[in-house]
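A.B. asks: Quick one: the structure is below, and I'll ask about it shortly.
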Amino acid sequence: MEVRSTTDRRATRAVTLSHPRSPVTVGGGAPVSVQSMTTTKTADVDGTLQQIYALAAAGADIVRCTCNDADAAAGLARIVPRSPVPLVADIHHNHRMGLAALEAGVACLRLNPGNIRRPEHIKAVASEARDRGVPIRIGVNGGSLDPALYRKYGDEVTPEAMVESAKVEMAHFDEVGFHDVKISVKASSVPLMIDAYRLLSEETDAPLHLGVTEAGPLPGGLVKSTAGIGTLLAEGIGDTIRYSLTADPVEEAKAGRLLLEAMGLRERTNVDLIACPSCGRAEIDVIEVARQAQEAFADREIPLQVAVMGCVVNGPGEARDADLGIAAGNKRGHLFVKGQNIAVVPEDEMVGSLVEWADYIVEHGVEAALERADTAKAAREAEKDRQRLLREQGDDVNASEQRVELIKKQVDH
Ligand code: SF4
């Protein structure tokens with residue numbers, strides 16, 4: 001399935017996270033990658049690996065694990081060789097954990113300049129990473145900004161303060177000849193993070209890792225993350241993304257993947273389910289049928305756009321660009337492919353038929369599906385139900401025109 005973003009991406013240099021089977025390049029025109037983070041104790045090797053596999057299956061290209069003590073570092077040494085994706089070790093406060101994570105064989109480190117501040121510690125980790133060819137993400141976080149910078153910018157977290165924090169860290173890295181960096185300037189405020197990333201993108205060609213930090217539980221966390229990350233991606237800014245949700249991290253991976261697919265930045269791996277919002281014309285419970293369809297397609301890798309439409313009056317026309325769809329009418333489901341009716345099925349077989357035809361299209365293509373169908377008969381049946389609905393409901397099922405007339409009369413009096 002073709003990737004169709006119309007946005008020019010900002011040019012960045014490439015950084016590669018090594019992995020024996022699935023290395024991931026970030027920046028340099030590589031596909032925008034999805035990240036998530038485990039919530040298990042990293043010392044719990046099997047539990048953490050289970051979560052890493054679930055995240056990879058949900059769409060994560062890169063997974064981060066905390067490396068907060070010696071047990072976590074030992075856990076990483078056992079997890080790394082069994083992980084299906086490159087792992088990033090999250091390092092806060094103790095630079096020795098960075099060195100231990102490098103020894104464990106991770107593909108990348110994340111350092112927070114707000115809480116590892118001694119230049120000799122930063123340089124020790126950067127030198128070791130340089131020697132091992134391991135990139136580092138400079139992970140500036142609005143909530144844990146270096147206190148000196150916080151004071152310098154008037155006791156306020158500003159985009160300038162966040163970008164300066166990243167630049168101070170980069171200068172330490174430069175001193176030891178280390179340039180393999182990605183950068184993030186996350187904040188929980190969407191406008192702040194957008195401004196910080198915009199500013200940062202003008203100052204460096206390092207690849208950028210986007211995120212709204214502590215975005216919170218669903219649905220607010222999803223909305224905030226999508227607003228922040230989506231806005232920047234639409235401007236061509238960003239090379240890798242993470243949704244930071246207070247939820248099962250699998251939701252983060254799914255959301256990241258879906259955002260990139262919706263924006264045409266990654267190939268679709270599964271069904272893009274579209275559905276009408278329903279209205280007075282609906283002949284079925286659209287929400288329920290869409291839910292059933294979502295469930296039926298959930299674990300199937302079918303890269304098609306599939307439509308669930310509440311009525312045959314407008315459904316096939318409104319969803320004519322979908323690869324496949326179904327519209328309800330007179331207790332029957334009217335299946336259509338690229339807007340052309342192909343079959344009529346009983347209402348309770350609608351979802352099953354959708355899946356069956358989707359499989360057929362994936363295997364044989366749209367043209368073959370249209371040839372297989374008795375399109376003339378299906379169109380006649382759809383027209384019959386359409387006319388019946390129009391007779392019963394009229395052209396204006398929501399009685400909008402009657403309401404407009406009433407309003408006019410009230411205003412005139
Ligand atoms: S007119 Fe038909 S397809 Fe359009 S919203 Fe109403 S039920 Fe759905």
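Numbering starts fresh at 1 for the residues of each chain in the structure tokens, the chains themselves are lettered A, B, ... in the order given, and ligands are numbered from 1 as they appear.
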Can you list, as an MDAnalysis selection string, every protein, DNA or RNA residue that comes within 7 Å of Asn115 in chain A when you count only C-alpha atoms, leaving out same-chain residues fewer than 5 positions away?

C.D. replies: chainID A and resid 92:93 146

A.B. asks: Give me the range 115-218 of chain A side of the contact with range 255-259 of chain A, cut-off 12 Å, one line per residue showing its nearest atom pair and distance in Å at one decimal, counting only C-alpha atoms, sorted by chain and residue number, as a Markdown table.

C.D. replies:
```
| residue | atom | partner | partner_atom | distance |
| --- | --- | --- | --- | --- |
| A:Leu210 | CA | A:Gly256 | CA | 10.7 |
| A:Gly211 | CA | A:Gly256 | CA | 10.2 |
| A:Leu218 | CA | A:Ala255 | CA | 11.0 |
```

A.B. asks: Please list as a list in words every residue within 7 Å of Asn341 in chain A, counting only C-alpha atoms and excluding residues in the same chain fewer than 3 positions away.

C.D. replies: His334, Leu335, Phe336, Val337, Thr375, Ala378 and Ala379 of chain A

A.B. asks: Using only C-alpha atoms and all ligand atoms, find each residue of chain A with at least one atom at most 12 Å away from an atom of ligand 1; report its shortest atom-to-atom pair and that distance in Å (one decimal), sort the rows by chain and rising residue number, and return the result as a tab-separated table.

C.D. replies:
```
residue	atom	partner	partner_atom_place_in_ligand_line	distance
A:Ile274	CA	ligand 1	8 (Fe)	11.2
A:Ala275	CA	ligand 1	8 (Fe)	7.8
A:Cys276	CA	ligand 1	8 (Fe)	4.6
A:Pro277	CA	ligand 1	5 (S)	5.3
A:Ser278	CA	ligand 1	5 (S)	4.0
A:Cys279	CA	ligand 1	6 (Fe)	4.1
A:Gly280	CA	ligand 1	6 (Fe)	6.2
A:Arg281	CA	ligand 1	7 (S)	4.6
A:Ala282	CA	ligand 1	7 (S)	3.6
A:Glu283	CA	ligand 1	7 (S)	6.8
A:Ile284	CA	ligand 1	7 (S)	8.2
A:Asp285	CA	ligand 1	7 (S)	9.4
A:Val286	CA	ligand 1	8 (Fe)	7.8
A:Ile287	CA	ligand 1	8 (Fe)	10.6
A:Ala290	CA	ligand 1	8 (Fe)	11.7
A:Ala307	CA	ligand 1	3 (S)	9.9
A:Val308	CA	ligand 1	3 (S)	8.4
A:Met309	CA	ligand 1	3 (S)	4.7
A:Gly310	CA	ligand 1	7 (S)	3.7
A:Cys311	CA	ligand 1	2 (Fe)	4.0
A:Val312	CA	ligand 1	2 (Fe)	6.5
A:Val313	CA	ligand 1	2 (Fe)	6.0
A:Asn314	CA	ligand 1	3 (S)	4.8
A:Gly315	CA	ligand 1	3 (S)	4.0
A:Pro316	CA	ligand 1	3 (S)	7.8
A:Gly317	CA	ligand 1	3 (S)	8.6
A:Glu318	CA	ligand 1	3 (S)	7.0
A:Ala319	CA	ligand 1	3 (S)	8.4
A:Arg320	CA	ligand 1	3 (S)	11.4
A:Gly325	CA	ligand 1	3 (S)	11.1
A:Ile326	CA	ligand 1	3 (S)	10.0
A:Ala327	CA	ligand 1	3 (S)	7.3
A:Ala328	CA	ligand 1	7 (S)	8.3
A:Gly329	CA	ligand 1	2 (Fe)	9.5
A:Arg386	CA	ligand 1	2 (Fe)	10.4
A:Leu389	CA	ligand 1	2 (Fe)	10.3
A:Leu390	CA	ligand 1	1 (S)	10.9
A:Gln393	CA	ligand 1	1 (S)	11.0
A:Gly394	CA	ligand 1	1 (S)	11.7
A:Asp395	CA	ligand 1	1 (S)	10.0
A:Asp396	CA	ligand 1	1 (S)	9.8
A:Val397	CA	ligand 1	1 (S)	8.4
A:Asn398	CA	ligand 1	6 (Fe)	9.3
```

A.B. asks: Identify, with DSSP run on backbone atoms, the residues in range 162-366 of chain A assigned to alpha helix (DSSP H), and express the list as number ranges by chain.

C.D. replies: A: 162-175, 190-203, 220-234, 249-262, 286-297, 315-318, 350-364, 366

A.B. asks: Give me the residues within 12 Å of range 20-23 of chain A as number ranges by chain, counting only C-alpha atoms and dropping any in the same chain fewer than 3 places off.

C.D. replies: A: 15-17, 26, 30, 33, 56, 60-62, 80-87, 105-108

A.B. asks: Let me see the file: selected residues, C-alpha atoms, as a compact mmCIF listing (two decimals), in the first residue's frame.

C.D. replies:
```txt
# COMPACT_ATOMS: atom_id res chain seq x y z
CA VAL A 15 21.09 7.88 13.32
CA THR A 16 20.81 4.08 13.34
CA LEU A 17 19.77 1.91 16.27
CA VAL A 26 15.87 7.59 12.61
CA ALA A 30 13.84 7.12 6.98
CA SER A 33 9.29 5.36 13.65
CA ALA A 56 6.29 -4.69 18.69
CA ALA A 60 6.39 -0.16 18.03
CA ASP A 61 9.65 -0.05 16.05
CA ILE A 62 11.74 0.85 19.11
CA VAL A 80 18.70 -7.38 24.63
CA PRO A 81 19.58 -10.64 22.80
CA ARG A 82 15.94 -11.78 22.87
CA SER A 83 14.24 -8.52 21.92
CA PRO A 84 12.54 -8.33 18.49
CA VAL A 85 13.29 -4.58 18.23
CA PRO A 86 16.14 -2.21 19.22
CA LEU A 87 16.04 -1.22 22.89
CA GLY A 105 24.29 -4.03 24.77
CA VAL A 106 21.38 -1.60 24.31
CA ALA A 107 20.95 0.07 20.91
CA CYS A 108 20.52 3.59 22.33
```

A.B. asks: Residues within 7 Å of Ala206 in chain A, please, as a ChimeraX atom specification. Count only C-alpha atoms; anything in the same chain fewer than 5 positions from it doesn't count.

C.D. replies: /A:12-13,181-183

A.B. asks: Since we have the selection now, will you write its residues out, keeping N, CA and C atoms, as an mmCIF file, in the first residue's frame?

C.D. replies:
```cif
data_model
loop_
_atom_site.group_PDB
_atom_site.id
_atom_site.type_symbol
_atom_site.label_atom_id
_atom_site.label_comp_id
_atom_site.auth_asym_id
_atom_site.auth_seq_id
_atom_site.Cartn_x
_atom_site.Cartn_y
_atom_site.Cartn_z
ATOM 1 N N THR A 12 17.085 15.851 7.981
ATOM 2 C CA THR A 12 17.862 15.623 9.209
ATOM 3 C C THR A 12 18.946 14.600 8.903
ATOM 4 N N ARG A 13 19.922 14.529 9.754
ATOM 5 C CA ARG A 13 20.937 13.490 9.544
ATOM 6 C C ARG A 13 20.426 12.175 10.152
ATOM 7 N N VAL A 181 23.328 11.817 17.802
ATOM 8 C CA VAL A 181 22.263 12.179 18.747
ATOM 9 C C VAL A 181 20.897 12.332 18.075
ATOM 10 N N LYS A 182 19.880 12.064 18.891
ATOM 11 C CA LYS A 182 18.495 12.447 18.580
ATOM 12 C C LYS A 182 18.125 13.378 19.726
ATOM 13 N N ILE A 183 17.128 14.206 19.500
ATOM 14 C CA ILE A 183 16.775 15.152 20.568
ATOM 15 C C ILE A 183 15.261 15.196 20.751
#
```

A.B. asks: So, with only C-alpha atoms as the atoms that count, which of A:Glu128, A:Val271, A:Leu304, A:Gln340 lies closest to Arg380 in chain A?

C.D. replies: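 So, comparing all the options, the nearest one is A:Gln340.
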
A.B. asks: How far is it from CA of Gly333 in chain A to CA of Arg268 in chain A, in Å with one decimal?

C.D. replies: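 Taking CA of Gly333 in chain A and CA of Arg268 in chain A, their separation equals 26.4 Å.
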